[in-house]
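Worksheet: one structure, shown below.
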Amino acid sequence: VSWLVATGGGSVPAENTTTDDDGRASTRWTLGPNPGGNTLNAVVSGVGAVAFSATGTSSGGGGGGGGSGASRLVFAVQPSDTEEDRRIEPPVRVAVLNQSGILVTQGEFEVTLELVGDGQQGRGQLDGPRRQQTQFGIATFEDLRVKRSGDFRLRALSDGLPSVESNEFEVQDD
């Protein structure tokens, strides 16, 4: 389960957790420093997302914490196994986070995806819109297809941020 702070700031101690034997996952969510709405998304690749909401009632206490500017990319929804020339479902999502692991919702970032795997660059094999602007900190790639079978990863890039690679996924003959 990937945990992404969507609104209000705040933090979680780990951006990813593993489910237990009963299929449950949990995290500790610290709300943002200001009164008002906070949202935390739990995202499971291939399954979907669930939003949790809370309302902070007063400001106060504690630490400041890492800048609000963008510092890294993460795959909020990983690519899932698929067949040749079939749409990757659910859509791949890449989030822009700051140093504290909080979603950067201000501004827009252009995110580009590349296909890598099978010992070579998969250029020319990834079809569909490979560049997307973020909306509220997340770039969504709705119609990605891979033109040949094999084991691959996606690499996400955005100017000024380090690239990141997805988990490996398999594309089977159709």
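FYI, nothing fancy with the structure tokens labels: chains A, B, ... in order, residues from 1 per chain, ligands from 1 as they appear.
Shell of Asn167 in chain A at 10 Å, with only C-alpha atoms counted and residues fewer than 6 places along the chain excluded, is Phe75, Gln78, Pro79, Ser80, Phe152, Arg153, Leu154 and Arg155 of chain A.
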Residue subset to file, keeping C-alpha atoms, as an mmCIF file, in the first residue's frame:
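Full text of selection_4.cif as output:
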data_model
loop_
_atom_site.group_PDB
_atom_site.id
_atom_site.type_symbol
_atom_site.label_atom_id
_atom_site.label_comp_id
_atom_site.auth_asym_id
_atom_site.auth_seq_id
_atom_site.Cartn_x
_atom_site.Cartn_y
_atom_site.Cartn_z
ATOM 1 C CA PHE A 75 4.743 5.837 -8.645
ATOM 2 C CA GLN A 78 2.376 1.082 -10.414
ATOM 3 C CA PRO A 79 2.003 -0.425 -13.906
ATOM 4 C CA SER A 80 0.301 -3.811 -13.820
ATOM 5 C CA PHE A 152 9.626 -4.090 -18.221
ATOM 6 C CA ARG A 153 9.748 -1.113 -15.906
ATOM 7 C CA LEU A 154 8.655 2.449 -16.507
ATOM 8 C CA ARG A 155 11.001 5.331 -15.770
#
- Shell around range 1-12 of chain A at 10 Å using only C-alpha atoms, local window under 4 positions removed, as a PyMOL selection string: chain A and resi 16-19+24-45+49-56+65+68+74-78+95+97+100-105+136-138
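If you look at CA of Gly117 in chain A and CA of Arg130 in chain A, they are 16.6 Å away from each other.
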- When distances are computed from only C-alpha atoms, which of A:Val94, A:Leu126, A:Leu144, A:Val171 shows the smallest separation from Ala156 in chain A?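 Nearest to Ala156 in chain A: A:Val94.
Minimum distance to Ala70 in chain A across A:Asp127, A:Asp159, A:Asp143, A:Asp173 (counting only C-alpha atoms) occurs at A:Asp159.
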- All residues 8 Å or closer to Asp81 in chain A, only C-alpha atoms, same chain fewer than 5 positions away omitted, as a VMD selection string: chain A and resid 88 169 to 172
- Query: CA of Pro162 in chain A and CA of Gly150 in chain A, how far apart in Å?
  - Reply: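 CA of Pro162 in chain A lies at a distance of 25.8 Å from CA of Gly150 in chain A.
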- Task: Could you check how far CA of Pro90 in chain A sits from CA of Glu168 in chain A, in Å to one decimal?
- Result: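 Distance reported for this atom pair: 15.3 Å.
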From the DSSP assignment of the backbone, select every residue of range 34-167 of chain A that is strand (DSSP E or B), and format the answer as a CSV table (one decimal) with C-alpha atoms, in the first residue's frame.
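File out30.csv, as written:
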chain,number,residue,atom,x,y,z
A,36,GLY,CA,-8.7,22.6,8.4
A,37,GLY,CA,-9.1,19.6,6.1
A,38,ASN,CA,-6.5,16.9,5.6
A,39,THR,CA,-6.6,14.0,3.2
A,40,LEU,CA,-4.5,10.8,3.0
A,41,ASN,CA,-4.7,8.4,0.1
A,42,ALA,CA,-4.0,4.7,0.3
A,43,VAL,CA,-3.2,3.4,-3.1
A,44,VAL,CA,-2.8,-0.2,-4.1
A,48,GLY,CA,-7.4,1.5,-6.7
A,49,ALA,CA,-7.3,4.2,-4.0
A,50,VAL,CA,-9.1,5.0,-0.8
A,51,ALA,CA,-9.1,8.5,0.6
A,52,PHE,CA,-9.1,9.2,4.4
A,53,SER,CA,-10.1,12.6,5.6
A,54,ALA,CA,-9.6,14.4,8.9
A,55,THR,CA,-10.0,17.9,10.2
A,56,GLY,CA,-7.3,19.7,12.2
A,70,ALA,CA,9.3,19.4,-5.2
A,71,SER,CA,12.1,17.0,-4.5
A,72,ARG,CA,11.2,13.6,-5.9
A,73,LEU,CA,8.8,11.5,-8.0
A,74,VAL,CA,7.0,8.3,-6.9
A,75,PHE,CA,4.7,5.8,-8.6
A,76,ALA,CA,1.4,6.3,-6.8
A,77,VAL,CA,-0.1,3.6,-9.0
A,82,THR,CA,-1.0,-6.7,-19.3
A,83,GLU,CA,-1.0,-8.1,-22.8
A,87,ARG,CA,-4.1,-0.6,-22.2
A,92,VAL,CA,-0.3,4.6,-14.1
A,93,ARG,CA,0.0,7.6,-11.7
A,94,VAL,CA,3.1,9.4,-10.8
A,95,ALA,CA,3.1,11.8,-7.8
A,96,VAL,CA,5.4,14.8,-7.1
A,97,LEU,CA,6.5,14.9,-3.4
A,98,ASN,CA,8.5,17.3,-1.3
A,102,ILE,CA,4.1,15.3,1.1
A,103,LEU,CA,2.3,15.7,-2.3
A,110,GLU,CA,5.5,17.8,-16.8
A,111,VAL,CA,6.2,14.1,-16.2
A,112,THR,CA,7.5,11.9,-19.0
A,113,LEU,CA,7.6,8.1,-19.0
A,114,GLU,CA,10.1,5.8,-20.7
A,115,LEU,CA,9.9,2.0,-21.1
A,116,VAL,CA,13.0,0.1,-19.9
A,117,GLY,CA,13.6,-3.6,-19.7
A,120,GLN,CA,17.5,-2.7,-23.6
A,121,GLN,CA,15.7,0.6,-23.8
A,126,LEU,CA,5.6,2.3,-25.4
A,127,ASP,CA,2.5,3.7,-27.1
A,131,ARG,CA,4.0,13.1,-21.2
A,132,GLN,CA,1.4,14.5,-18.8
A,133,GLN,CA,1.0,17.6,-16.7
A,135,GLN,CA,-3.0,18.0,-11.6
A,138,ILE,CA,-0.3,13.7,-9.7
A,139,ALA,CA,0.3,12.9,-13.4
A,140,THR,CA,-2.2,10.3,-14.7
A,141,PHE,CA,-1.3,8.2,-17.8
A,145,ARG,CA,0.2,0.3,-24.2
A,146,VAL,CA,3.4,-1.8,-24.7
A,150,GLY,CA,8.6,-9.1,-22.0
A,151,ASP,CA,9.4,-7.9,-18.5
A,152,PHE,CA,9.6,-4.1,-18.2
A,153,ARG,CA,9.7,-1.1,-15.9
A,154,LEU,CA,8.7,2.4,-16.5
A,155,ARG,CA,11.0,5.3,-15.8
A,156,ALA,CA,9.4,8.7,-14.8
A,157,LEU,CA,11.3,11.9,-15.4
A,158,SER,CA,10.6,15.6,-14.7
A,161,LEU,CA,13.9,16.0,-10.2
A,162,PRO,CA,15.7,12.7,-10.0
A,163,SER,CA,14.2,10.0,-12.2
A,164,VAL,CA,12.4,7.0,-10.6
A,165,GLU,CA,11.6,3.5,-11.9
